[in-house]
file my_file_39.txt (compact mmCIF, C-alpha atoms)
# COMPACT_ATOMS: atom_id res chain seq x y z
CA MET A 242 -13.41 -11.05 2.82
CA ASN A 243 -12.72 -8.49 0.06
CA ILE A 244 -14.44 -5.14 -0.41
CA TRP A 245 -17.15 -6.78 -2.51
CA GLY A 246 -18.09 -9.04 0.39
CA ARG A 247 -16.49 -12.20 -1.02
CA ARG A 248 -14.71 -14.62 1.27
CA GLN A 249 -11.93 -16.76 -0.19
CA ALA A 250 -12.08 -20.43 0.83
CA SER A 251 -8.98 -22.11 2.32
CA PRO A 252 -8.29 -24.73 5.00
CA LEU A 253 -5.91 -22.47 6.95
CA ARG A 254 -6.95 -21.59 10.48
CA THR A 255 -5.10 -19.69 13.22
CA LYS A 256 -5.72 -17.66 16.33
CA ASN A 257 -3.01 -15.06 15.70
CA LYS A 258 -3.86 -13.21 12.49
CA TYR A 259 -0.64 -11.24 12.21
CA ASN A 260 1.85 -13.97 13.08
CA HIS A 261 1.11 -17.67 12.61
CA HIS A 262 -1.47 -16.99 9.93
CA VAL A 263 0.78 -14.80 7.80
CA ARG A 264 3.61 -17.35 7.93
CA ALA A 265 1.24 -20.15 6.93
CA THR A 266 -0.29 -18.10 4.10
CA LEU A 267 3.12 -17.17 2.72
CA ALA A 268 4.37 -20.75 2.88
CA VAL A 269 1.41 -21.92 0.79
CA ALA A 270 1.62 -18.98 -1.63
CA GLN A 271 5.28 -19.58 -2.44
CA ILE A 272 4.50 -22.97 -3.99
CA LYS A 273 3.14 -21.19 -7.07
CA LYS A 274 5.87 -20.05 -9.47
CA MET A 275 4.76 -17.07 -11.52
CA LYS A 276 5.49 -15.20 -14.71
CA ILE A 277 5.70 -11.56 -13.60
CA ALA A 278 5.52 -8.34 -15.59
CA LEU A 279 7.20 -5.41 -13.83
CA LEU A 280 5.51 -2.08 -14.56
CA GLY A 281 8.04 0.51 -13.46
CA TYR A 282 11.71 -0.43 -13.33
CA GLY A 283 13.17 2.07 -10.91
CA LYS A 284 14.79 1.15 -7.61
CA MET A 285 11.65 -0.60 -6.32
CA GLY A 286 11.15 -2.51 -9.56
CA GLN A 287 14.75 -3.68 -9.48
CA THR A 288 14.43 -4.79 -5.85
CA ILE A 289 11.24 -6.70 -6.68
CA GLU A 290 13.02 -8.37 -9.61
CA LYS A 291 15.88 -9.54 -7.37
CA ILE A 292 13.59 -11.05 -4.74
CA ALA A 293 11.22 -12.57 -7.31
CA LEU A 294 14.10 -14.37 -9.01
CA GLN A 295 15.38 -15.58 -5.64
CA ASN A 296 11.91 -17.06 -5.04
CA GLY A 297 12.00 -18.92 -8.35
CA HIS A 298 9.69 -16.66 -10.32
CA GLU A 299 10.27 -15.51 -13.91
CA ILE A 300 10.31 -11.88 -15.05
CA VAL A 301 8.75 -11.85 -18.54
CA ALA A 302 8.64 -8.07 -19.08
CA LYS A 303 10.15 -4.92 -17.62
CA ILE A 304 8.12 -1.86 -18.63
CA ASP A 305 9.50 1.62 -17.92
CA ASN A 306 8.17 3.76 -20.80
CA GLU A 307 5.84 3.81 -23.81
CA ASN A 308 8.42 2.17 -26.09
CA ASP A 309 8.64 -0.76 -23.68
CA TRP A 310 4.86 -1.17 -23.87
CA GLU A 311 4.98 -1.27 -27.67
CA ARG A 312 7.76 -3.87 -27.67
CA LEU A 313 6.58 -6.05 -24.79
CA LYS A 314 2.77 -5.91 -24.81
CA ASN A 315 2.54 -9.59 -25.82
CA GLU A 316 4.89 -10.60 -23.00
CA VAL A 317 2.78 -8.68 -20.47
CA GLU A 318 -0.33 -10.44 -21.78
CA GLN A 319 1.32 -13.82 -21.09
CA ALA A 320 2.17 -12.90 -17.49
CA ASP A 321 0.39 -14.49 -14.53
CA ILE A 322 0.51 -11.13 -12.78
CA ALA A 323 1.80 -7.58 -13.11
CA ILE A 324 3.44 -5.67 -10.25
CA GLU A 325 3.21 -1.88 -10.59
CA PHE A 326 5.58 0.62 -8.95
CA SER A 327 5.89 3.63 -11.24
CA THR A 328 4.43 7.15 -10.92
CA PRO A 329 0.85 8.25 -10.11
CA LYS A 330 -0.06 9.22 -13.71
CA THR A 331 1.64 6.19 -15.23
CA ALA A 332 0.03 3.85 -12.69
CA VAL A 333 -3.50 4.73 -13.85
CA LYS A 334 -2.58 3.96 -17.47
CA ASN A 335 -0.90 0.72 -16.44
CA ILE A 336 -3.92 -0.42 -14.43
CA PHE A 337 -6.31 0.05 -17.35
CA ARG A 338 -3.87 -1.62 -19.75
CA CYS A 339 -3.70 -4.68 -17.49
CA PHE A 340 -7.50 -4.71 -17.25
CA ASP A 341 -7.65 -4.70 -21.08
CA LEU A 342 -5.16 -7.59 -21.24
CA ASN A 343 -6.98 -9.46 -18.43
CA VAL A 344 -3.79 -9.57 -16.35
CA PRO A 345 -4.19 -9.32 -12.55
CA ILE A 346 -2.27 -6.33 -11.19
CA VAL A 347 -0.67 -5.51 -7.84
CA VAL A 348 -0.25 -1.74 -7.41
CA GLY A 349 2.17 -0.14 -4.96
CA THR A 350 2.18 3.32 -6.52
CA THR A 351 0.26 5.94 -4.53
CA GLY A 352 -1.11 9.36 -5.46
CA TRP A 353 -3.97 8.24 -7.77
CA ASN A 354 -6.84 8.60 -5.28
CA GLU A 355 -8.74 10.95 -7.58
CA GLN A 356 -9.11 8.12 -10.12
CA LYS A 357 -9.85 5.42 -7.54
CA ASP A 358 -13.65 5.43 -7.95
CA GLU A 359 -13.36 5.17 -11.75
CA ILE A 360 -10.83 2.35 -11.54
CA PHE A 361 -12.82 0.42 -8.95
CA ALA A 362 -16.03 0.76 -10.94
CA HIS A 363 -14.34 -0.51 -14.10
CA CYS A 364 -12.72 -3.39 -12.23
CA LYS A 365 -16.03 -4.43 -10.70
CA GLN A 366 -18.07 -4.05 -13.89
CA HIS A 367 -15.64 -6.07 -16.02
CA GLN A 368 -14.64 -8.55 -13.31
CA LYS A 369 -10.93 -7.78 -13.37
CA THR A 370 -8.39 -8.24 -10.57
CA LEU A 371 -6.65 -5.47 -8.61
CA PHE A 372 -4.63 -5.57 -5.41
CA TYR A 373 -3.63 -2.14 -4.12
CA ALA A 374 -1.95 -0.92 -0.96
CA SER A 375 -0.46 2.32 0.25
CA ASN A 376 2.30 0.19 1.77
CA PHE A 377 3.15 -3.50 1.30
CA SER A 378 5.45 -3.85 4.31
CA ILE A 379 4.13 -6.33 6.87
CA GLY A 380 5.64 -4.12 9.61
CA VAL A 381 3.80 -1.04 8.35
CA ASN A 382 0.52 -2.93 8.29
CA LEU A 383 1.08 -3.92 11.91
CA PHE A 384 1.79 -0.22 12.54
CA PHE A 385 -1.59 0.59 10.97
CA GLU A 386 -3.27 -1.59 13.60
CA LEU A 387 -1.26 -0.01 16.41
CA ASN A 388 -2.27 3.46 15.18
CA LYS A 389 -5.98 2.56 15.21
CA GLN A 390 -5.75 1.05 18.68
CA LEU A 391 -3.90 4.05 20.12
CA ALA A 392 -6.37 6.51 18.56
CA HIS A 393 -9.25 4.56 20.10
CA MET A 394 -7.54 4.64 23.52
CA MET A 395 -6.79 8.39 23.29
CA LYS A 396 -10.21 9.60 22.15
CA SER A 397 -11.33 10.52 25.70
CA TYR A 398 -8.23 12.61 26.44
CA SER A 399 -8.87 15.96 24.79
CA ASP A 400 -5.83 17.65 26.35
CA TYR A 401 -3.60 15.89 23.83
CA LYS A 402 -2.91 17.42 20.42
CA VAL A 403 -2.37 14.90 17.64
CA SER A 404 -0.07 15.34 14.65
CA MET A 405 1.96 13.29 12.17
CA GLU A 406 5.28 13.45 10.37
CA GLU A 407 6.44 11.49 7.31
CA VAL A 408 9.92 11.52 5.76
CA HIS A 409 10.84 10.02 2.37
CA HIS A 410 13.57 10.18 -0.25
CA LEU A 411 13.77 13.09 -2.69
CA GLN A 412 12.30 11.03 -5.55
CA LYS A 413 9.00 10.52 -3.69
CA LEU A 414 6.57 12.60 -5.76
CA ASP A 415 3.34 12.61 -3.75
CA LYS A 416 2.92 14.55 -0.49
CA PRO A 417 1.82 13.40 1.97
CA SER A 418 2.71 9.77 1.32
CA GLY A 419 -0.03 7.25 0.71
CA THR A 420 0.95 5.54 3.96
CA ALA A 421 0.54 8.83 5.84
CA ILE A 422 -2.92 9.32 4.32
CA SER A 423 -3.93 5.80 5.35
CA LEU A 424 -2.66 6.43 8.88
CA ALA A 425 -4.51 9.74 9.06
CA GLU A 426 -7.78 8.26 7.80
CA ASP A 427 -7.56 5.37 10.28
CA LEU A 428 -6.81 7.82 13.09
CA ILE A 429 -9.79 10.01 12.14
CA ALA A 430 -12.09 6.98 12.10
CA ASN A 431 -11.15 6.22 15.73
CA TYR A 432 -10.62 9.73 17.13
CA PRO A 433 -13.89 11.73 16.98
CA SER A 434 -12.38 15.20 17.56
CA LYS A 435 -10.50 14.96 14.25
CA THR A 436 -12.51 15.08 11.03
CA SER A 437 -9.89 15.64 8.32
CA TRP A 438 -6.16 15.83 7.62
CA ILE A 439 -4.09 18.74 6.39
CA CYS A 440 -0.55 18.74 5.00
CA ASN A 441 2.10 21.45 5.35
CA ASP A 442 3.05 21.00 1.70
CA LYS A 443 -0.31 22.14 0.35
CA VAL A 444 -0.38 25.72 -0.94
CA GLY A 445 -2.23 28.07 1.41
CA THR A 446 -2.20 25.65 4.32
CA ASP A 447 -3.08 27.38 7.58
CA TYR A 448 -2.83 24.99 10.50
CA LYS A 449 -4.49 27.42 12.91
CA SER A 450 -7.61 27.63 10.74
CA ALA A 451 -8.07 23.85 10.77
CA PRO A 452 -8.25 22.78 14.42
CA ALA A 453 -10.15 19.60 13.54
CA GLY A 454 -7.52 18.51 11.04
CA VAL A 455 -4.74 16.01 11.70
CA LYS A 456 -1.63 18.03 10.84
CA ILE A 457 0.82 16.11 8.63
CA THR A 458 4.35 17.38 8.08
CA SER A 459 5.94 16.00 4.89
CA ILE A 460 9.73 16.05 4.58
CA ARG A 461 11.90 14.94 1.65
CA GLU A 462 15.55 14.04 2.30
CA GLU A 463 18.25 12.06 0.57
CA ASN A 464 18.46 8.28 1.17
CA VAL A 465 15.38 7.82 3.37
CA PHE A 466 13.28 4.72 2.69
CA GLY A 467 10.31 5.87 4.76
CA ILE A 468 9.67 7.13 8.29
CA HIS A 469 6.21 7.70 9.78
CA LYS A 470 5.59 9.17 13.23
CA ILE A 471 2.38 9.92 15.13
CA PHE A 472 2.43 12.25 18.13
CA TYR A 473 -0.01 12.87 20.98
CA GLU A 474 1.24 15.85 22.98
CA SER A 475 -0.07 17.59 26.11
CA ASN A 476 1.48 20.21 28.37
CA GLU A 477 2.77 17.42 30.57
CA ASP A 478 4.06 14.74 28.20
CA MET A 479 4.16 13.33 24.68
CA ILE A 480 3.34 9.88 23.28
CA GLU A 481 5.01 8.92 20.01
CA ILE A 482 4.73 5.83 17.83
CA LYS A 483 7.05 5.38 14.88
CA HIS A 484 7.79 3.06 11.97
CA GLU A 485 11.05 3.34 10.03
CA ALA A 486 11.84 1.28 6.95
CA LYS A 487 15.47 0.11 6.85
CA SER A 488 15.46 -0.90 3.16
CA ARG A 489 13.20 -1.38 0.15
CA GLU A 490 13.19 -5.14 0.60
CA GLY A 491 10.31 -5.15 3.08
CA PHE A 492 8.07 -3.42 0.55
CA ALA A 493 9.25 -5.66 -2.28
CA LYS A 494 8.71 -8.87 -0.32
CA GLY A 495 5.21 -7.78 0.64
CA ALA A 496 4.34 -7.02 -2.99
CA ILE A 497 5.54 -10.46 -4.09
CA PHE A 498 3.64 -12.16 -1.27
CA ALA A 499 0.52 -10.27 -2.37
CA ALA A 500 1.07 -11.32 -5.99
CA GLU A 501 1.47 -14.98 -5.04
CA TRP A 502 -1.72 -14.78 -2.96
CA LEU A 503 -3.69 -13.00 -5.69
CA VAL A 504 -3.27 -15.60 -8.45
CA GLY A 505 -6.64 -17.19 -9.29
CA LYS A 506 -8.74 -14.50 -7.59
CA THR A 507 -11.10 -11.91 -9.09
CA GLY A 508 -11.99 -8.61 -7.45
CA ILE A 509 -10.41 -5.75 -5.52
CA TYR A 510 -8.17 -6.56 -2.59
CA THR A 511 -5.94 -4.82 -0.03
CA MET A 512 -3.38 -5.85 2.56
CA THR A 513 -6.22 -6.17 5.07
CA ASP A 514 -7.72 -8.96 2.94
CA PHE A 515 -4.33 -10.61 2.61
CA LEU A 516 -3.66 -10.55 6.36
CA ASN A 517 -7.20 -11.49 7.33
CA THR A 518 -7.70 -14.40 4.94
CA ASN A 519 -10.11 -16.91 6.49
CA MET A 520 -10.07 -15.27 9.92

call {"tool": "encode", "arguments": {"input": "my_file_39.txt", "output": "structure tokens"}}
result
Amino acid sequence: MNIWGRRQASPLRTKNKYNHHVRATLAVAQIKKMKIALLGYGKMGQTIEKIALQNGHEIVAKIDNENDWERLKNEVEQADIAIEFSTPKTAVKNIFRCFDLNVPIVVGTTGWNEQKDEIFAHCKQHQKTLFYASNFSIGVNLFFELNKQLAHMMKSYSDYKVSMEEVHHLQKLDKPSGTAISLAEDLIANYPSKTSWICNDKVGTDYKSAPAGVKITSIREENVFGIHKIFYESNEDMIEIKHEAKSREGFAKGAIFAAEWLVGKTGIYTMTDFLNTNM
């Protein structure tokens, strides 16, 4: 069921929503060969291109600047789907351009939360198609579920202090990462003593003045694909859960799986919808 309350019909059925069901969904999705427009042709865009071609798809446009849009607008319009990994400001423009061209779009760029309500309203009003996620890795989405479960289990143990750490490559522009924000919001929803999150990178941040905030430490280092850690620490011990990406391919594969799944649908979707299809 998507965020508009629509359930997509399919004959697939399974008891294990994060194992058998995902494999079955992906097997069906890969039958459809797509014409893909890549919006953003950095390292992620290039990785997506490689895997898409391996899966038999066709790349009809590679957009990395305004000149590319002028030259290749017609090619984008002919695409079955656009996959967007650029920058926060560029992503918003690309989303609205795809809406105007009536091309479904999968968005992996984060950092555009301030425009989310406007984009969602436009998508709903004009019946366009948007799939967005703070992280397309199947492993990270399993980590999201683990984080929620652990927060629910820990809510009665007030002696533990909770905090987070995220590490990314130097080219990562937004702090904290979109994945870290999603983790923090899920934690807050299941851990009543925390009501907000606060990041060390924000100007004027004072951790001591925000006891109800989940403290997020953002670090940027060379050649790091993405590390997210969540800590529960008391005077006696510490519990830590961690996800570390070993390459960009996990994110790229997830984005292509999402694109294959999205073809023929209308509305706003997330990885939760993708993983929970027909459960």

call {"tool": "closest_residue", "arguments": {"input": "my_file_39.txt", "among": "A:Pro433, A:Ala332, A:Glu463, A:Asn382", "to": "Asn517 in chain A", "atoms": "only C-alpha atoms"}}
result
A:Asn382

call {"tool": "residues_near_point", "arguments": {"input": "my_file_39.txt", "point": "(-2.8, 10.0, -8.9)", "cutoff": "9 Å", "atoms": "all atoms listed in the file", "output": "list in words"}}
result
Thr328, Pro329, Lys330, Thr331, Ala332, Val333, Thr350, Thr351, Gly352, Trp353, Asn354, Glu355, Gln356, Lys357 and Asp415 of chain A

call {"tool": "closest_residue", "arguments": {"input": "my_file_39.txt", "among": "A:Gly419, A:Gly380, A:Gly491, A:Gly505", "to": "Phe466 in chain A", "atoms": "only C-alpha atoms"}}
result
A:Gly491

call {"tool": "closest_residue", "arguments": {"input": "my_file_39.txt", "among": "A:Ile379, A:His469, A:Ala500, A:Lys435", "to": "His298 in chain A", "atoms": "all atoms listed in the file"}}
result
A:Ala500

call {"tool": "atom_distance", "arguments": {"input": "my_file_39.txt", "atom1": "CA of Gln295 in chain A", "atom2": "CA of Lys334 in chain A"}}
result
29.1 Å

call {"tool": "residues_around", "arguments": {"input": "my_file_39.txt", "residues": "range 477-484 of chain A", "least_positions_apart": "2", "cutoff": "8 Å", "atoms": "all atoms listed in the file", "output": "list in words"}}
result
Gly380, Val381, Phe384, Asn388, Ile468, His469, Lys470, Ile471, Phe472, Tyr473, Glu474, Ser475 and Ala486 of chain A

call {"tool": "residues_around", "arguments": {"input": "my_file_39.txt", "residues": "Glu462 in chain A", "least_positions_apart": "5", "cutoff": "7 Å", "atoms": "all atoms listed in the file", "output": "NGL selection string"}}
result
:A and (409-411)

call {"tool": "write_last_selection", "arguments": {"input": "my_file_39.txt", "atoms": "C-alpha atoms", "output": "short mmCIF file (atom, residue, chain, number, x, y, z; two decimals), keeping the file's coordinate frame"}}
result
data_model
loop_
_atom_site.label_atom_id
_atom_site.label_comp_id
_atom_site.auth_asym_id
_atom_site.auth_seq_id
_atom_site.Cartn_x
_atom_site.Cartn_y
_atom_site.Cartn_z
CA HIS A 409 10.84 10.02 2.37
CA HIS A 410 13.57 10.18 -0.25
CA LEU A 411 13.77 13.09 -2.69
#

call {"tool": "closest_residue", "arguments": {"input": "my_file_39.txt", "among": "A:Lys456, A:Lys494, A:Thr513, A:Glu307", "to": "Ile289 in chain A", "atoms": "all atoms listed in the file"}}
result
A:Lys494

call {"tool": "atom_distance", "arguments": {"input": "my_file_39.txt", "atom1": "CA of Asn476 in chain A", "atom2": "CA of Ser399 in chain A"}}
result
11.7 Å

call {"tool": "residues_around", "arguments": {"input": "my_file_39.txt", "residues": "Ile300 in chain A", "least_positions_apart": "5", "cutoff": "10 Å", "atoms": "all atoms listed in the file", "output": "PDB file with C-alpha atoms, keeping the file's coordinate frame"}}
result
ATOM      1  CA  MET A 275       4.760 -17.070 -11.520  1.00  0.00           C
ATOM      2  CA  LYS A 276       5.490 -15.200 -14.710  1.00  0.00           C
ATOM      3  CA  ILE A 277       5.700 -11.560 -13.600  1.00  0.00           C
ATOM      4  CA  ALA A 278       5.520  -8.340 -15.590  1.00  0.00           C
ATOM      5  CA  LEU A 279       7.200  -5.410 -13.830  1.00  0.00           C
ATOM      6  CA  ILE A 289      11.240  -6.700  -6.680  1.00  0.00           C
ATOM      7  CA  GLU A 290      13.020  -8.370  -9.610  1.00  0.00           C
ATOM      8  CA  LYS A 291      15.880  -9.540  -7.370  1.00  0.00           C
ATOM      9  CA  ALA A 293      11.220 -12.570  -7.310  1.00  0.00           C
ATOM     10  CA  LEU A 294      14.100 -14.370  -9.010  1.00  0.00           C
ATOM     11  CA  GLU A 316       4.890 -10.600 -23.000  1.00  0.00           C
ATOM     12  CA  VAL A 317       2.780  -8.680 -20.470  1.00  0.00           C
ATOM     13  CA  ALA A 320       2.170 -12.900 -17.490  1.00  0.00           C
ATOM     14  CA  ALA A 323       1.800  -7.580 -13.110  1.00  0.00           C
TER      15      ALA A 323
END

call {"tool": "closest_residue", "arguments": {"input": "my_file_39.txt", "among": "A:Lys402, A:Arg461, A:His393, A:Lys369", "to": "Leu414 in chain A", "atoms": "only C-alpha atoms"}}
result
A:Arg461

call {"tool": "atom_distance", "arguments": {"input": "my_file_39.txt", "atom1": "CA of Cys364 in chain A", "atom2": "CA of Gly508 in chain A"}}
result
7.1 Å

call {"tool": "closest_residue", "arguments": {"input": "my_file_39.txt", "among": "A:Phe326, A:Trp310, A:Tyr398, A:Phe372", "to": "Lys284 in chain A", "atoms": "all atoms listed in the file"}}
result
A:Phe326

call {"tool": "residues_around", "arguments": {"input": "my_file_39.txt", "residues": "Asn335 in chain A", "least_positions_apart": "5", "cutoff": "9 Å", "atoms": "only C-alpha atoms", "output": "JSON, numbers by chain"}}
result
{"A": [280, 325, 330, 340, 346]}

call {"tool": "residues_around", "arguments": {"input": "my_file_39.txt", "residues": "Lys314 in chain A", "least_positions_apart": "2", "cutoff": "10 Å", "atoms": "only C-alpha atoms", "output": "list in words"}}
result
Ala278, Ala302, Ile304, Asn308, Asp309, Trp310, Glu311, Arg312, Glu316, Val317, Glu318, Gln319, Arg338, Cys339 and Leu342 of chain A

call {"tool": "axis_aligned_box", "arguments": {"input": "my_file_39.txt", "around": "range 283-297 of chain A", "padding_each_side": "5 Å", "output": "AutoDock Vina command-line options"}}
result
--center_x 13.5 --center_y -8.4 --center_z -7.8 --size_x 14.7 --size_y 31.0 --size_z 16.2

call {"tool": "build_atoms", "arguments": {"input": "my_file_39.txt", "residues": "range 399-424 of chain A", "atoms": "N, CA and C atoms", "output": "PDB file, keeping the file's coordinate frame"}}
result
ATOM      1  N   SER A 399      -8.857  14.813  25.680  1.00  0.00           N
ATOM      2  CA  SER A 399      -8.870  15.960  24.790  1.00  0.00           C
ATOM      3  C   SER A 399      -7.712  16.925  25.016  1.00  0.00           C
ATOM      4  N   ASP A 400      -6.968  16.765  26.090  1.00  0.00           N
ATOM      5  CA  ASP A 400      -5.830  17.650  26.350  1.00  0.00           C
ATOM      6  C   ASP A 400      -4.666  17.381  25.387  1.00  0.00           C
ATOM      7  N   TYR A 401      -4.699  16.240  24.721  1.00  0.00           N
ATOM      8  CA  TYR A 401      -3.600  15.890  23.830  1.00  0.00           C
ATOM      9  C   TYR A 401      -3.866  16.389  22.414  1.00  0.00           C
ATOM     10  N   LYS A 402      -2.849  17.014  21.815  1.00  0.00           N
ATOM     11  CA  LYS A 402      -2.910  17.420  20.420  1.00  0.00           C
ATOM     12  C   LYS A 402      -2.240  16.351  19.575  1.00  0.00           C
ATOM     13  N   VAL A 403      -2.881  15.984  18.471  1.00  0.00           N
ATOM     14  CA  VAL A 403      -2.370  14.900  17.640  1.00  0.00           C
ATOM     15  C   VAL A 403      -1.815  15.462  16.336  1.00  0.00           C
ATOM     16  N   SER A 404      -0.673  14.930  15.908  1.00  0.00           N
ATOM     17  CA  SER A 404      -0.070  15.340  14.650  1.00  0.00           C
ATOM     18  C   SER A 404       0.758  14.182  14.088  1.00  0.00           C
ATOM     19  N   MET A 405       1.193  14.340  12.840  1.00  0.00           N
ATOM     20  CA  MET A 405       1.960  13.290  12.170  1.00  0.00           C
ATOM     21  C   MET A 405       3.136  13.894  11.425  1.00  0.00           C
ATOM     22  N   GLU A 406       4.138  13.057  11.190  1.00  0.00           N
ATOM     23  CA  GLU A 406       5.280  13.450  10.370  1.00  0.00           C
ATOM     24  C   GLU A 406       5.676  12.272   9.484  1.00  0.00           C
ATOM     25  N   GLU A 407       5.937  12.546   8.211  1.00  0.00           N
ATOM     26  CA  GLU A 407       6.440  11.490   7.310  1.00  0.00           C
ATOM     27  C   GLU A 407       7.650  12.012   6.561  1.00  0.00           C
ATOM     28  N   VAL A 408       8.674  11.157   6.430  1.00  0.00           N
ATOM     29  CA  VAL A 408       9.920  11.520   5.760  1.00  0.00           C
ATOM     30  C   VAL A 408      10.206  10.466   4.689  1.00  0.00           C
ATOM     31  N   HIS A 409      10.496  10.929   3.461  1.00  0.00           N
ATOM     32  CA  HIS A 409      10.840  10.020   2.370  1.00  0.00           C
ATOM     33  C   HIS A 409      11.989  10.583   1.556  1.00  0.00           C
ATOM     34  N   HIS A 410      12.473   9.782   0.640  1.00  0.00           N
ATOM     35  CA  HIS A 410      13.570  10.180  -0.250  1.00  0.00           C
ATOM     36  C   HIS A 410      13.111  11.280  -1.212  1.00  0.00           C
ATOM     37  N   LEU A 411      14.059  11.934  -1.843  1.00  0.00           N
ATOM     38  CA  LEU A 411      13.770  13.090  -2.690  1.00  0.00           C
ATOM     39  C   LEU A 411      12.964  12.718  -3.940  1.00  0.00           C
ATOM     40  N   GLN A 412      13.011  11.443  -4.344  1.00  0.00           N
ATOM     41  CA  GLN A 412      12.300  11.030  -5.550  1.00  0.00           C
ATOM     42  C   GLN A 412      10.816  10.741  -5.290  1.00  0.00           C
ATOM     43  N   LYS A 413      10.400  10.743  -4.043  1.00  0.00           N
ATOM     44  CA  LYS A 413       9.000  10.520  -3.690  1.00  0.00           C
ATOM     45  C   LYS A 413       8.182  11.711  -4.163  1.00  0.00           C
ATOM     46  N   LEU A 414       7.258  11.492  -5.111  1.00  0.00           N
ATOM     47  CA  LEU A 414       6.570  12.600  -5.760  1.00  0.00           C
ATOM     48  C   LEU A 414       5.344  13.097  -4.997  1.00  0.00           C
ATOM     49  N   ASP A 415       4.588  12.196  -4.391  1.00  0.00           N
ATOM     50  CA  ASP A 415       3.340  12.610  -3.750  1.00  0.00           C
ATOM     51  C   ASP A 415       3.586  13.018  -2.297  1.00  0.00           C
ATOM     52  N   LYS A 416       2.878  14.061  -1.864  1.00  0.00           N
ATOM     53  CA  LYS A 416       2.920  14.550  -0.490  1.00  0.00           C
ATOM     54  C   LYS A 416       1.490  14.836  -0.039  1.00  0.00           C
ATOM     55  N   PRO A 417       1.088  14.353   1.133  1.00  0.00           N
ATOM     56  CA  PRO A 417       1.820  13.400   1.970  1.00  0.00           C
ATOM     57  C   PRO A 417       1.860  12.023   1.315  1.00  0.00           C
ATOM     58  N   SER A 418       2.622  11.123   1.855  1.00  0.00           N
ATOM     59  CA  SER A 418       2.710   9.770   1.320  1.00  0.00           C
ATOM     60  C   SER A 418       1.370   9.052   1.436  1.00  0.00           C
ATOM     61  N   GLY A 419       1.190   8.043   0.601  1.00  0.00           N
ATOM     62  CA  GLY A 419      -0.030   7.250   0.710  1.00  0.00           C
ATOM     63  C   GLY A 419      -0.159   6.569   2.054  1.00  0.00           C
ATOM     64  N   THR A 420       0.972   6.158   2.623  1.00  0.00           N
ATOM     65  CA  THR A 420       0.950   5.540   3.960  1.00  0.00           C
ATOM     66  C   THR A 420       0.482   6.542   4.994  1.00  0.00           C
ATOM     67  N   ALA A 421       0.965   7.796   4.895  1.00  0.00           N
ATOM     68  CA  ALA A 421       0.540   8.830   5.840  1.00  0.00           C
ATOM     69  C   ALA A 421      -0.955   9.101   5.732  1.00  0.00           C
ATOM     70  N   ILE A 422      -1.473   9.119   4.512  1.00  0.00           N
ATOM     71  CA  ILE A 422      -2.920   9.320   4.320  1.00  0.00           C
ATOM     72  C   ILE A 422      -3.701   8.185   4.954  1.00  0.00           C
ATOM     73  N   SER A 423      -3.244   6.950   4.741  1.00  0.00           N
ATOM     74  CA  SER A 423      -3.930   5.800   5.350  1.00  0.00           C
ATOM     75  C   SER A 423      -3.904   5.897   6.871  1.00  0.00           C
ATOM     76  N   LEU A 424      -2.765   6.266   7.433  1.00  0.00           N
ATOM     77  CA  LEU A 424      -2.660   6.430   8.880  1.00  0.00           C
ATOM     78  C   LEU A 424      -3.605   7.516   9.376  1.00  0.00           C
TER      79      LEU A 424
END
